[in-house]
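See below for the structure under consideration.
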Amino acid sequence: MSSITLQALSKSYGGTVTVDRLDLDMREAEFLAFLGPSGCGKSTTLRMIAGLAMPDSGRILFGERDVTRLPPYRRNAGLVFQGYALFPNMTVAGNVAFGLQMRRTGKAETEERVRRALELVRMAHLADRLPRQLSGGQQQRVALARAIVYSPDALLLDEPLSALDAKLRAEVRSELRRLQQDLALTTVFVTHDQDEAISVADRIAVMSAGRIEQVGRPEEIYAAPASLFVAEFLGMSNFLPGASDGPGRFRLASGQVLGFGRTGARARGATLAVRPENIRLSRGAPAEAPGDCQAVDAVVEEVLYRGSLVEYRLDLGGTRLTVHRQNGDHDRPEAFARGETVTAAWRARSAILL
Ligand SMILES: Nc1ncnc2c1ncn2[C@@H]1O[C@H](COP(=O)(O)OP(=O)(O)OP(=O)(O)O)[C@@H](O)[C@H]1O
Ligand SMILES: [Mg+2]
């Protein structure tokens with residue numbers, strides 16, 4: 001396995017900068033997800049790491065080895081790209097063996113490695129099937145086996161699960177994570193799905209317009225987004241407009257002043273963000289108000305039953321405020337009806353200035 005370092009990596013297509021002086025240090029055996037909207041340069045970055053696209057400038061290191069100008073086959077990286085086409089006229093075992101045969105591996109060793117790779121992805125019992133006799137998830141696992149069979153130094157995955165339905169995706173995703181940990185594979189995973197990135201990666205690099213906006217552990221990025229862009233991309237939904245009003249103070253358009261606990265590293269100071277699960281509703285003043293309680297009055301506009309939770313959509317002087325209340329039989333919190341005026345409260349430390 002090897003660490004991966006990107007230094008000031010840049011690439012333009014037809015005068016448009018696609019990847020812009022990107023720096024990144026990955027540890028050995030780390031699982032890193034590139035997360036960002038369509039067109040932000042995720043695939044281009046991955047293709048440069050794989051050797052399928054040549055950077056205009058910058059360097060790529062695998063461990064101490066400068067691979068910037070090496071062709072793909074000399075980088076020893078396993079690749080799985082979206083679509084992951086298997087050879088349709090070859091069996092599962094044949095598909096997995098193909099890369100080894102290209103590398104002139106001996107017959108006995110090839111058989112042994114293919115068997116082990118298929119066992120790792122739990123496909124050994126289907127080794128003699130053709131791809132069309134497999135489900136999408138099974139094909140996906142074969143593609144993974146094909147990528148890991150020659151003990152790559154790194155695994156490079158571009159939206160490898162996007163063709164699967166939600167249930168299968170979650171299944172293959174946890175298999176992938178297990179495999180990556182068992183083999184201690186340095187893995188780069190490209191996705192535009194925040195849930196996927198959060199549940200699978202050691203660290204997430206959030207990309208926007210060819211640059212990394214923020215890189216950190218999922219819980220860091222979730223709890224402390226550096227910018228409005230990152231917060232929005234990670235599904236944060238409450239953004240209160242206003243203006244910073246001195247240290248730790250934020251003034252809403254209504255004139256009400258609220259406290260907050262944190263300022264994003266790239267904050268512009270015009271938005272206060274609070275997660276829906278951090279807001280409590282009550283009629284009148286909140287019953288157990290902690291010292292740093294912030295409260296606003298708002299009108300219930302919609303009540304949506306969402307299975308494990310109830311979502312309240314409130315109107316706060318023209319701004320939408322979404323509140324999630326967990327369902328469960330351990331307590332019976334008050335229910336609120338459409339049209340009611342309620343108090344929405346949260347702790348200052350759970351609000352972030354962005
Ligand atoms: N070979 C190419 N020739 C010209 N332009 C390209 C090429 N590859 C990518 N681009 C452009 O570079 C930009 C970034 O593309 P890239 O494929 O890296 O985006 P992405 O983040 O992977 O998006 P998606 O989530 O849609 O896959 C896009 O505007 C794209 O049109
Ligand atoms: Mg892409």
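Residue numbering restarts at 1 in every chain; chains get A, B, ... in the order shown in the structure tokens, and ligands count up from 1 in that same order.
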Inset, instruction - Output the neighbourhood of ligand 1 as a PyMOL selection string, that is, all protein and nucleic acid residues with some atom at most 10 Å from the ligand, counting only C-alpha atoms and all ligand atoms. - result: chain A and resi 11-19+34-48+53+82+158-159+190-193+207-210
Inset, instruction - Pick out the residues sitting within 10 Å of Phe229 in chain A, and hand them over as a PyMOL selection string; count only C-alpha atoms, and ignore anything fewer than 2 positions along from it in its own chain. - result: chain A and resi 36+206-208+213-214+225-227+231-234+236+266-267+354
Inset, instruction - Could you check which of A:Val296, A:Ala184, A:Leu157, A:Ala124 is closest to ligand 2, using only C-alpha atoms and all ligand atoms? - result: A:Leu157
Inset, instruction - Counting only C-alpha atoms, figure out which residue out of A:Glu302, A:Asp297, A:Asp315, A:Glu277 gets nearest to Asn327 in chain A. - result: A:Glu277
Legend entry - Within 7 Å of Leu86 in chain A using only C-alpha atoms, minus same-chain residues under 2 positions, as JSON, numbers by chain: {"A": [84, 88, 95, 131, 143]}
Keeping only N, CA, C and O atoms, write the selected residues to a file as an mmCIF file, in the first residue's frame.
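Writing done, so here's part-v7.cif:
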data_model
loop_
_atom_site.group_PDB
_atom_site.id
_atom_site.type_symbol
_atom_site.label_atom_id
_atom_site.label_comp_id
_atom_site.auth_asym_id
_atom_site.auth_seq_id
_atom_site.Cartn_x
_atom_site.Cartn_y
_atom_site.Cartn_z
ATOM 1 N N TYR A 84 -18.512 0.207 -15.097
ATOM 2 C CA TYR A 84 -17.721 -0.983 -14.777
ATOM 3 C C TYR A 84 -17.904 -2.155 -15.718
ATOM 4 O O TYR A 84 -17.911 -3.307 -15.322
ATOM 5 N N PRO A 88 -18.533 -9.321 -21.540
ATOM 6 C CA PRO A 88 -19.788 -10.084 -21.481
ATOM 7 C C PRO A 88 -19.629 -11.562 -21.840
ATOM 8 O O PRO A 88 -20.399 -12.395 -21.367
ATOM 9 N N ASN A 95 -13.122 -12.854 -16.136
ATOM 10 C CA ASN A 95 -13.038 -11.402 -16.002
ATOM 11 C C ASN A 95 -11.977 -11.004 -14.979
ATOM 12 O O ASN A 95 -11.195 -10.082 -15.199
ATOM 13 N N PRO A 131 -21.514 -12.596 -16.970
ATOM 14 C CA PRO A 131 -22.017 -11.355 -16.359
ATOM 15 C C PRO A 131 -23.530 -11.195 -16.476
ATOM 16 O O PRO A 131 -24.179 -10.744 -15.538
ATOM 17 N N ALA A 143 -16.465 -6.515 -10.471
ATOM 18 C CA ALA A 143 -15.613 -5.394 -10.892
ATOM 19 C C ALA A 143 -14.606 -5.051 -9.787
ATOM 20 O O ALA A 143 -13.440 -4.755 -10.057
#
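Remark: for Asp195 in chain A, the closest of the candidate residues A:Ala77, A:Cys293, A:Leu316, A:Ala170 is A:Ala170 (distances computed over only C-alpha atoms).
Counting from CA of Ala270 in chain A, the distance to CA of Gly235 in chain A is 18.7 Å.
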Inset, instruction - Tell me, as JSON, numbers by chain, which residues lie within 10 Å of range 248-262 of chain A, counting only C-alpha atoms; anything in the same chain fewer than 5 positions away does not count. - result: {"A": [223, 224, 225, 226, 240, 241, 242, 243, 269, 270, 271, 272, 273, 274, 292, 293, 294, 295, 296, 316, 317, 318, 319, 346, 347, 348, 349, 350, 351, 352, 353, 354]}
Inset, instruction - Run DSSP on the backbone and give me the residues of range 19-236 of chain A it puts in alpha helix (DSSP H), as number ranges by chain. - result: A: 42-50, 92-102, 107-120, 136-148, 166-182, 194-200, 218-223, 228-233
Inset, instruction - Go ahead and compute the interatomic distance for CA of Phe189 in chain A and CA of Arg275 in chain A, in Å to one decimal. - result: 26.5 Å
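The residue that comes closest to ligand 2, out of A:Gly291, A:Pro160, A:Gly246, A:Gly339 and on the basis of only C-alpha atoms and all ligand atoms, is A:Pro160.
Among the candidate residues A:Val67, A:Val200, A:Ser162, A:Ala265, the one lying nearest to ligand 2 is A:Ser162, with distances computed using only C-alpha atoms and all ligand atoms.
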Quick one: everything within 10 Å of Gly307 in chain A, counting only C-alpha atoms, minus sequence neighbours fewer than 3 positions away in the same chain. Send it as a compact mmCIF listing (two decimals) with N, CA and C atoms, in the first residue's frame.
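As a result, selection.txt now contains:
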# COMPACT_ATOMS: atom_id res chain seq x y z
N LEU A 304 -44.89 16.94 8.41
CA LEU A 304 -44.70 15.79 7.52
C LEU A 304 -44.25 14.59 8.33
N VAL A 310 -40.66 13.14 12.66
CA VAL A 310 -41.65 14.07 12.12
C VAL A 310 -40.91 15.34 11.74
N GLU A 311 -41.21 15.83 10.54
CA GLU A 311 -40.56 17.06 10.09
C GLU A 311 -41.56 18.20 10.18
N GLN A 326 -37.56 13.27 16.54
CA GLN A 326 -37.44 11.82 16.44
C GLN A 326 -38.71 11.16 16.96
N ASN A 327 -39.19 10.13 16.27
CA ASN A 327 -40.30 9.32 16.77
C ASN A 327 -39.75 8.14 17.56
N GLY A 328 -40.51 7.69 18.54
CA GLY A 328 -40.07 6.52 19.31
C GLY A 328 -41.07 6.31 20.41
Inset, instruction - Do a neighbour search on Glu171 in chain A at 9 Å with only C-alpha atoms, toss out local chain neighbours closer than 5 positions, and write the hits as a PyMOL selection string. - result: chain A and resi 137+166+176
Using all heavy atoms, can you write the selected residues to a file as a JSON list (two decimals), in the first residue's frame?
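And here is the file that came out, part19.json:
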[["chain", "number", "residue", "atom", "x", "y", "z"],
["A", 137, "GLY", "N", -25.58, -5.80, -8.37],
["A", 137, "GLY", "CA", -24.67, -5.78, -7.22],
["A", 137, "GLY", "C", -23.58, -6.83, -7.35],
["A", 137, "GLY", "O", -22.43, -6.61, -6.96],
["A", 166, "ALA", "N", -31.03, 1.59, -3.89],
["A", 166, "ALA", "CA", -30.59, 2.07, -2.58],
["A", 166, "ALA", "C", -30.15, 0.94, -1.64],
["A", 166, "ALA", "O", -29.12, 1.04, -0.97],
["A", 166, "ALA", "CB", -31.69, 2.90, -1.94],
["A", 176, "LEU", "N", -17.51, -3.08, 0.55],
["A", 176, "LEU", "CA", -16.34, -2.34, 0.06],
["A", 176, "LEU", "C", -15.51, -1.83, 1.23],
["A", 176, "LEU", "O", -14.28, -1.94, 1.25],
["A", 176, "LEU", "CB", -16.81, -1.18, -0.81],
["A", 176, "LEU", "CG", -15.75, -0.19, -1.25],
["A", 176, "LEU", "CD1", -14.76, -0.86, -2.17],
["A", 176, "LEU", "CD2", -16.40, 1.00, -1.96]]
Legend entry - Residues within 9 Å of Met26 in chain A, only C-alpha atoms, excluding chain neighbours under 3 positions, as a PyMOL selection string: chain A and resi 2-6+29-32+186
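If only C-alpha atoms and all ligand atoms are the atoms counted, then among A:Phe81, A:Ser199, A:Ala289, A:Phe239 the closest residue to ligand 2 is A:Phe81.
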